[in-house]
Protein chains: 2
Amino acid sequence: MFSKETYTARRKTLANTIQNGLLIFPGNKEAGMNYKDNWYPFRQDSTFLYYFGINLPDLYVTIDAATGEEILFGDDLTPEDMVWVGAAEPLQAHAERCGVAKVQPMAKLQAYVQNAKAKGQTLHYLAPYRGNTTIEISELTGIPVAAVAEKRSLAFAKAVIAQRSIKSQEEITEIHKAVNITAAMHTHAIKATTHGVTEKQIAGELQAIAIAGGGNISFPIILTKNGQYLHNHATEAVVSNGDIVLCDCGAETSMGYAGDMTRTFPVAERFTTIQREIYSIVLDAHESASAALKPGYRFKDAHLLASSRIVEGLKALGLMKGDTQEAVNAGAHTLFFQCGLGHFMGLDVHDMENFGEQLVGYTDDLLKSTEFGLKSLRLGKALEEGNVLTVEPGIYFNPLLIDAWKAQGKYTDFVNYAEVEKFKSFGGMRVEEDFLITTNGKELLGDPLAKTADEIEALKNL
Amino acid sequence: MFSKETYTARRKTLANTIQNGLLIFPGNKEAGMNYKDNWYPFRQDSTFLYYFGINLPDLYVTIDAATGEEILFGDDLTPEDMVWVGAAEPLQAHAERCGVAKVQPMAKLQAYVQNAKAKGQTLHYLAPYRGNTTIEISELTGIPVAAVAEKRSLAFAKAVIAQRSIKSQEEITEIHKAVNITAAMHTHAIKATTHGVTEKQIAGELQAIAIAGGGNISFPIILTKNGQYLHNHATEAVVSNGDIVLCDCGAETSMGYAGDMTRTFPVAERFTTIQREIYSIVLDAHESASAALKPGYRFKDAHLLASSRIVEGLKALGLMKGDTQEAVNAGAHTLFFQCGLGHFMGLDVHDMENFGEQLVGYTDDLLKSTEFGLKSLRLGKALEEGNVLTVEPGIYFNPLLIDAWKAQGKYTDFVNYAEVEKFKSFGGMRVEEDFLITTNGKELLGDPLAKTADEIEALKNL
């Protein structure tokens, strides 16, 4: 974890912003998979990690924003627990390491919160994403379960977003580490994905690399010969020479910081000519959008820039036609690029997504679009120094969408359906890297990984 | 999945047992890890799998036990969903494959259940183990969230336990498969665990084998040089020559059936003399208890038999003393064997654990003990043909427990603390296999895996 001073300073900034009321931080519990005690891998809540750094289940912290009183609520292990899990440090030691002065047993939490409420203090909490947290918040605050999400504190959310959006140097160091483990996963995927293996076999090997790195995967691995479907997870499908495989995966470090990269590569030793051509369009869109990143630049403009590069490339191949800008304005590119260009990344791979994309990625003056394509763009607003984000354009030949839009006569001014038809079994391609916004521009996170078609082929043939 | 006839017959048996009321089966949802849409691997509820075999999120089924009316509630993918995940079969096809006649949109579930309630039908549901299921059951039934667990249907639970406790031939075939993938994980662990690797590195590789097998791990991998702590998961600790490593892991198949085995092995090419001696005691306890298994035999007696073999072995080494039976009756062996001998295994690795161990593993005439040691024995009752269970005795030198009990002067008639002191850094050893109870005895599940010290050393030195 980081130093006591880091966590203390973060909390001081937060309390100063909120000024009044009781801030309630529920740590995550173990999550039962198919029965209560068969647990998924423990994942601490990211906001809890950000302010306290304690990677243990069954904790709450409260901060009285007015007085600054901070209490860690939780229970030390019993002697019998030690039969099952060995010795453990007392919670007092964990509290001290993040600068929280008081520790109280969990049994005292309810009365403490009720007392704050009785004194007229506002109870601030963030929108929960697990059912048990919703139930607990309801019990603590007296708010009905069905109203818990709606009654979450907007002020609390905005204050956390403001802090977590700007990464410190020590966070960036940790993200570099996550991205480098992620890159190692991709290097392995490119080399190990050969004729006859299953998608799940390779996906399992990538997870092993993430686990060996000290943490785990930062999100479910997308590794598929059907990359045209955007969130298609690895299956038992066998890949063959001639297929292209889209691999979108990431590691998170033991501290919880994520990496998130995508590479698309042939199963065979080489891309085919047409695979190379489509790939070069995706790569051009990626490079163009990345090059434009700097403080003050709206990420929505990077998205539209990438979209127009995709239209240009597809026009050159005869799949699209007409004026590029008009095509993008009309949304015709969304037949091939249905999603957003990228998102913030940090302690969550889609950083702070649970606070709501409008709050995290947009502003009061820039509302998130509801149009197909743009509505999947999680980040639209002007960038700031210290932001960390992904850039991940793609071209996806979704046969279902091609059939549907062709039948509807959609975008016929911009789409040559006769040519596009030929790509219905092509698949999908994406290239994704992670960037830090710097004073004057951007910096690639992690050490470089094979990216051009030549580099990928060279890696396959090592 | 199994045949339509299999699922239909299972449900018919269930409805005939319950006779009246509405049986409510909540399928599992995706489970958010660090925000709502960053999912843990999807795991369907095991009882849902048992009666319907549909491995998809966001479904409910209701069965009217009196009329036999069965309805699958759920929503087909929208055209836009297909951008993200591709084409999907309609729910109607899934319903047909398991013999359920009707499919209704999820929006109709609430009114359907309320209508049954209004007609005076009992609403039967099982105790939930996820917070969101508790909330949903509360909304459906009108029972307050805090009362949902307590108001679960005991009749429903007992009827499900009676069915799921006896495995059919097709289930046994699937469990064989799970155990064989599990054995492959162990073979790899024994060979790959060498001086200088971390526990997590090997654990990740084992998970890769489980994933390549088509499913995933059936529970969090225990792989540790500190096997004296019973549920010690893999850490970033480095293992060294001289250490013994306890590996307790299992795969589940894509249908959800679990394997669960344990091996203990040296990091170096050979066990030391004393490691071999302790190992031979554990193995003797394992073989003795396994040999006794047959219908009508109480598993509690197998537990006590293994316990007395452990006492005998430790007496021979000078660590225990006195009369073996008296030592076991007094509980003195629990200084070394603090947990239970085994548990049922099936669609859950601790099969049906969420129904409560008293209901699953004991009877009205045989209550689960509250004594240290026996209270961790999940299964005590007489075995029946078709039961599938684990046998997993161990010897664990827990230094915290040794210090505490020595200081308390506990069991001084049976324990030679002066000798035991020398083992405080020994670690822990366990041997675990999975068995089917047959007409006259038992059958080992899965193909044989290296088990004796010689076999393990031979595998390490291949």
# chains A, B, ... in the order shown; residues from 1 in each chain; ligands from 1
call {"tool": "closest_atom_pairs", "arguments": {"of": "chain A", "to": "chain B", "cutoff": "6 Å", "atoms": "only C-alpha atoms", "output": "CSV"}}
result
residue,atom,partner,partner_atom,distance
A:Asn34,CA,B:Asp45,CA,5.7
A:Tyr35,CA,B:Asn354,CA,5.2
A:Lys36,CA,B:Tyr129,CA,4.9
A:Asp45,CA,B:Asn34,CA,5.7
A:Val83,CA,B:Tyr229,CA,5.7
A:Trp84,CA,B:Leu230,CA,4.5
A:Val85,CA,B:Tyr229,CA,5.1
A:Gly86,CA,B:Tyr229,CA,5.3
A:Tyr129,CA,B:Lys36,CA,4.9
A:Gly131,CA,B:Gly131,CA,4.1
A:Asn132,CA,B:Gly131,CA,4.2
A:Lys200,CA,B:Ala212,CA,5.4
A:Gln201,CA,B:Ala212,CA,4.1
A:Gly204,CA,B:Ala208,CA,3.9
A:Glu205,CA,B:Ala208,CA,5.2
A:Ala208,CA,B:Gly204,CA,3.9
A:Ile211,CA,B:Gly204,CA,5.4
A:Ala212,CA,B:Gln201,CA,4.1
A:Tyr229,CA,B:Trp84,CA,5.0
A:Leu230,CA,B:Trp84,CA,4.5
A:His231,CA,B:Trp84,CA,5.1
A:Asn232,CA,B:Val85,CA,5.3
A:Asn354,CA,B:Tyr35,CA,5.3
call {"tool": "residues_around", "arguments": {"residues": "Ala450 in chain A", "least_positions_apart": "4", "cutoff": "12 Å", "atoms": "only C-alpha atoms", "output": "count of residues only"}}
result
23
call {"tool": "atom_distance", "arguments": {"atom1": "CA of Lys119 in chain B", "atom2": "CA of Gly142 in chain B"}}
result
14.7 Å
call {"tool": "closest_residue", "arguments": {"among": "B:Lys117, B:Arg97, B:Lys29, B:Arg298", "to": "Asp64 in chain B", "atoms": "only C-alpha atoms"}}
result
B:Lys117
call {"tool": "select_by_dssp", "arguments": {"residues": "range 257-420 of chain A", "states": "alpha helix (DSSP H)", "output": "VMD selection string"}}
result
chain A and resid 273 to 292 299 to 316 324 to 330 357 to 361 399 to 408 417 to 420
call {"tool": "atom_distance", "arguments": {"atom1": "CA of Ser3 in chain A", "atom2": "CA of Gly196 in chain B"}}
result
29.3 Å
call {"tool": "residues_around", "arguments": {"residues": "range 365-371 of chain B", "least_positions_apart": "5", "cutoff": "8 Å", "atoms": "only C-alpha atoms", "output": "list of chain:residue names"}}
result
B:Glu357, B:Gln358, B:Leu377, B:Gly380, B:Lys381
call {"tool": "write_last_selection", "arguments": {"atoms": "N, CA, C and O atoms", "output": "tab-separated table (two decimals), in the first residue's frame"}}
result
chain	number	residue	atom	x	y	z
B	357	GLU	N	-25.81	-27.68	7.16
B	357	GLU	CA	-25.14	-28.97	7.31
B	357	GLU	C	-25.98	-29.97	8.11
B	357	GLU	O	-25.91	-31.17	7.87
B	358	GLN	N	-26.77	-29.48	9.05
B	358	GLN	CA	-27.62	-30.39	9.81
B	358	GLN	C	-28.60	-31.11	8.86
B	358	GLN	O	-28.76	-32.34	8.93
B	377	LEU	N	-17.30	-31.24	11.04
B	377	LEU	CA	-17.60	-32.43	10.22
B	377	LEU	C	-18.94	-32.19	9.54
B	377	LEU	O	-19.99	-32.21	10.18
B	380	GLY	N	-22.22	-36.58	8.77
B	380	GLY	CA	-22.10	-37.54	9.85
B	380	GLY	C	-22.94	-38.79	9.64
B	380	GLY	O	-22.65	-39.85	10.17
B	381	LYS	N	-23.98	-38.67	8.86
B	381	LYS	CA	-25.01	-39.71	8.83
B	381	LYS	C	-24.59	-40.96	8.06
B	381	LYS	O	-23.54	-40.98	7.41
call {"tool": "select_by_dssp", "arguments": {"residues": "range 376-433 of chain A", "states": "strand (DSSP E)", "output": "PyMOL selection string"}}
result
chain A and resi 388-391+394-396+428-430+433
call {"tool": "residues_around", "arguments": {"residues": "Ile175 in chain B", "least_positions_apart": "4", "cutoff": "10 Å", "atoms": "only C-alpha atoms", "output": "ChimeraX atom specification"}}
result
/B:167,169-171,179-181,251-253,255-259,345-347,388,434,436,445-446
call {"tool": "write_last_selection", "arguments": {"atoms": "N, CA and C atoms", "output": "tab-separated table (two decimals), in the first residue's frame"}}
result
chain	number	residue	atom	x	y	z
B	167	LYS	N	-26.65	-39.66	-6.63
B	167	LYS	CA	-26.21	-39.32	-7.98
B	167	LYS	C	-26.62	-40.41	-8.99
B	169	GLN	N	-26.30	-42.24	-12.87
B	169	GLN	CA	-25.14	-42.67	-13.64
B	169	GLN	C	-24.59	-41.53	-14.49
B	170	GLU	N	-25.47	-40.74	-15.07
B	170	GLU	CA	-24.97	-39.66	-15.94
B	170	GLU	C	-24.27	-38.56	-15.11
B	171	GLU	N	-24.73	-38.37	-13.89
B	171	GLU	CA	-24.03	-37.42	-13.01
B	171	GLU	C	-22.65	-37.96	-12.63
B	179	VAL	N	-13.21	-34.92	-11.77
B	179	VAL	CA	-12.11	-35.43	-10.95
B	179	VAL	C	-10.86	-35.64	-11.80
B	180	ASN	N	-11.05	-36.05	-13.04
B	180	ASN	CA	-9.87	-36.24	-13.88
B	180	ASN	C	-9.19	-34.92	-14.24
B	181	ILE	N	-9.97	-33.88	-14.45
B	181	ILE	CA	-9.34	-32.56	-14.66
B	181	ILE	C	-8.63	-32.14	-13.37
B	251	ALA	N	-11.54	-28.86	-10.06
B	251	ALA	CA	-12.16	-28.26	-11.24
B	251	ALA	C	-13.65	-28.52	-11.19
B	252	GLU	N	-14.42	-27.66	-11.82
B	252	GLU	CA	-15.80	-28.05	-12.11
B	252	GLU	C	-15.97	-28.05	-13.62
B	253	THR	N	-16.79	-28.97	-14.10
B	253	THR	CA	-17.00	-29.08	-15.54
B	253	THR	C	-17.91	-27.95	-16.01
B	255	MET	N	-20.75	-28.21	-16.98
B	255	MET	CA	-22.10	-28.45	-16.45
B	255	MET	C	-22.19	-28.14	-14.96
B	256	GLY	N	-21.06	-27.88	-14.30
B	256	GLY	CA	-21.09	-27.46	-12.91
B	256	GLY	C	-20.73	-28.53	-11.90
B	257	TYR	N	-20.39	-29.73	-12.35
B	257	TYR	CA	-20.02	-30.80	-11.40
B	257	TYR	C	-18.57	-30.63	-10.95
B	258	ALA	N	-18.35	-30.87	-9.66
B	258	ALA	CA	-17.06	-30.56	-9.03
B	258	ALA	C	-16.20	-31.78	-8.80
B	259	GLY	N	-14.91	-31.55	-8.82
B	259	GLY	CA	-13.91	-32.45	-8.26
B	259	GLY	C	-13.24	-31.71	-7.11
B	345	MET	N	-20.21	-34.19	-2.33
B	345	MET	CA	-19.70	-33.42	-3.47
B	345	MET	C	-20.62	-33.67	-4.67
B	346	GLY	N	-20.85	-32.66	-5.46
B	346	GLY	CA	-21.71	-32.82	-6.63
B	346	GLY	C	-21.72	-31.53	-7.44
B	347	LEU	N	-22.88	-30.92	-7.58
B	347	LEU	CA	-22.97	-29.63	-8.27
B	347	LEU	C	-22.36	-28.52	-7.44
B	388	VAL	N	-21.93	-39.27	-3.20
B	388	VAL	CA	-20.57	-38.96	-3.64
B	388	VAL	C	-19.97	-38.05	-2.58
B	434	ASP	N	-12.03	-38.61	-3.90
B	434	ASP	CA	-13.49	-38.54	-4.03
B	434	ASP	C	-14.04	-39.93	-4.31
B	436	LEU	N	-17.58	-42.66	-4.70
B	436	LEU	CA	-19.00	-42.96	-4.91
B	436	LEU	C	-19.35	-44.15	-4.02
B	445	LEU	N	-13.45	-42.24	-7.52
B	445	LEU	CA	-13.84	-41.45	-8.69
B	445	LEU	C	-12.60	-40.90	-9.37
B	446	GLY	N	-12.60	-40.95	-10.68
B	446	GLY	CA	-11.45	-40.46	-11.44
B	446	GLY	C	-10.38	-41.53	-11.55
call {"tool": "residues_around", "arguments": {"residues": "Val160 in chain B", "least_positions_apart": "3", "cutoff": "12 Å", "atoms": "only C-alpha atoms", "output": "compact mmCIF listing (two decimals) with N, CA and C atoms, in the first residue's frame"}}
result
# COMPACT_ATOMS: atom_id res chain seq x y z
N ARG B 10 -36.87 -35.36 -12.82
CA ARG B 10 -36.43 -34.78 -11.54
C ARG B 10 -37.51 -33.84 -10.99
N ARG B 11 -38.07 -33.02 -11.88
CA ARG B 11 -39.07 -32.04 -11.43
C ARG B 11 -40.37 -32.72 -11.02
N LYS B 12 -40.69 -33.81 -11.71
CA LYS B 12 -41.92 -34.53 -11.38
C LYS B 12 -41.79 -35.12 -9.97
N THR B 13 -40.65 -35.71 -9.70
CA THR B 13 -40.40 -36.26 -8.35
C THR B 13 -40.54 -35.15 -7.30
N LEU B 14 -39.95 -34.02 -7.60
CA LEU B 14 -39.98 -32.90 -6.65
C LEU B 14 -41.42 -32.43 -6.41
N ALA B 15 -42.15 -32.19 -7.48
CA ALA B 15 -43.52 -31.69 -7.34
C ALA B 15 -44.38 -32.71 -6.60
N ASN B 16 -44.18 -33.99 -6.88
CA ASN B 16 -44.93 -35.03 -6.16
C ASN B 16 -44.65 -35.02 -4.67
N THR B 17 -43.42 -34.70 -4.32
CA THR B 17 -43.06 -34.66 -2.90
C THR B 17 -43.70 -33.44 -2.21
N ILE B 18 -43.63 -32.30 -2.87
CA ILE B 18 -44.11 -31.05 -2.25
C ILE B 18 -45.64 -30.96 -2.31
N LEU B 23 -43.38 -23.40 -6.29
CA LEU B 23 -41.92 -23.51 -6.10
C LEU B 23 -41.25 -22.43 -6.93
N PHE B 25 -37.74 -20.86 -8.29
CA PHE B 25 -36.31 -21.13 -8.53
C PHE B 25 -35.67 -19.88 -9.11
N SER B 46 -26.81 -24.02 -8.38
CA SER B 46 -26.71 -25.47 -8.59
C SER B 46 -28.07 -26.15 -8.63
N THR B 47 -29.01 -25.71 -7.81
CA THR B 47 -30.34 -26.32 -7.83
C THR B 47 -31.04 -25.99 -9.15
N PHE B 48 -30.83 -24.79 -9.63
CA PHE B 48 -31.37 -24.41 -10.94
C PHE B 48 -30.78 -25.31 -12.03
N TYR B 50 -29.65 -28.29 -11.58
CA TYR B 50 -30.11 -29.67 -11.36
C TYR B 50 -31.48 -29.91 -12.00
N TYR B 51 -32.37 -28.92 -11.90
CA TYR B 51 -33.74 -29.14 -12.40
C TYR B 51 -33.97 -28.63 -13.82
N HIS B 124 -42.84 -21.40 -1.99
CA HIS B 124 -41.66 -22.15 -1.54
C HIS B 124 -40.40 -21.60 -2.20
N TYR B 125 -39.42 -21.26 -1.40
CA TYR B 125 -38.12 -20.90 -1.96
C TYR B 125 -37.04 -21.40 -1.02
N LEU B 126 -35.83 -21.51 -1.55
CA LEU B 126 -34.67 -21.98 -0.76
C LEU B 126 -33.91 -20.77 -0.20
N SER B 153 -38.40 -22.39 2.67
CA SER B 153 -39.22 -23.59 2.78
C SER B 153 -38.38 -24.81 3.16
N LEU B 154 -38.64 -25.32 4.34
CA LEU B 154 -37.91 -26.49 4.81
C LEU B 154 -38.29 -27.72 3.98
N ALA B 155 -39.57 -27.81 3.63
CA ALA B 155 -40.04 -28.96 2.83
C ALA B 155 -39.33 -28.99 1.47
N PHE B 156 -39.22 -27.82 0.86
CA PHE B 156 -38.54 -27.69 -0.43
C PHE B 156 -37.08 -28.13 -0.28
N ALA B 157 -36.42 -27.61 0.75
CA ALA B 157 -35.00 -27.94 0.95
C ALA B 157 -34.83 -29.45 1.14
N GLN B 163 -33.12 -35.67 -3.38
CA GLN B 163 -32.81 -35.98 -4.78
C GLN B 163 -31.33 -35.79 -5.11
N ARG B 164 -30.80 -34.62 -4.73
CA ARG B 164 -29.42 -34.31 -5.13
C ARG B 164 -28.39 -35.19 -4.41
N SER B 165 -28.78 -35.79 -3.27
CA SER B 165 -27.82 -36.63 -2.52
C SER B 165 -27.50 -37.94 -3.23
N ILE B 166 -28.41 -38.40 -4.08
CA ILE B 166 -28.20 -39.67 -4.78
C ILE B 166 -27.88 -39.36 -6.24
N ASP B 351 -21.41 -30.22 -1.30
CA ASP B 351 -22.70 -30.30 -1.98
C ASP B 351 -23.85 -29.85 -1.07
N MET B 352 -24.61 -28.90 -1.58
CA MET B 352 -25.82 -28.39 -0.92
C MET B 352 -25.52 -27.71 0.41
N ASN B 354 -25.34 -24.85 1.33
CA ASN B 354 -26.17 -23.69 1.68
C ASN B 354 -27.51 -24.06 2.33
N PHE B 355 -27.92 -25.31 2.18
CA PHE B 355 -29.17 -25.75 2.83
C PHE B 355 -28.97 -25.94 4.34
N LEU B 359 -29.20 -30.34 7.97
CA LEU B 359 -30.18 -30.94 7.04
C LEU B 359 -29.53 -31.88 6.03
N VAL B 360 -28.36 -31.51 5.56
CA VAL B 360 -27.73 -32.26 4.47
C VAL B 360 -26.96 -33.47 4.99
call {"tool": "atom_distance", "arguments": {"atom1": "CA of Tyr279 in chain B", "atom2": "CA of Phe344 in chain B"}}
result
24.5 Å
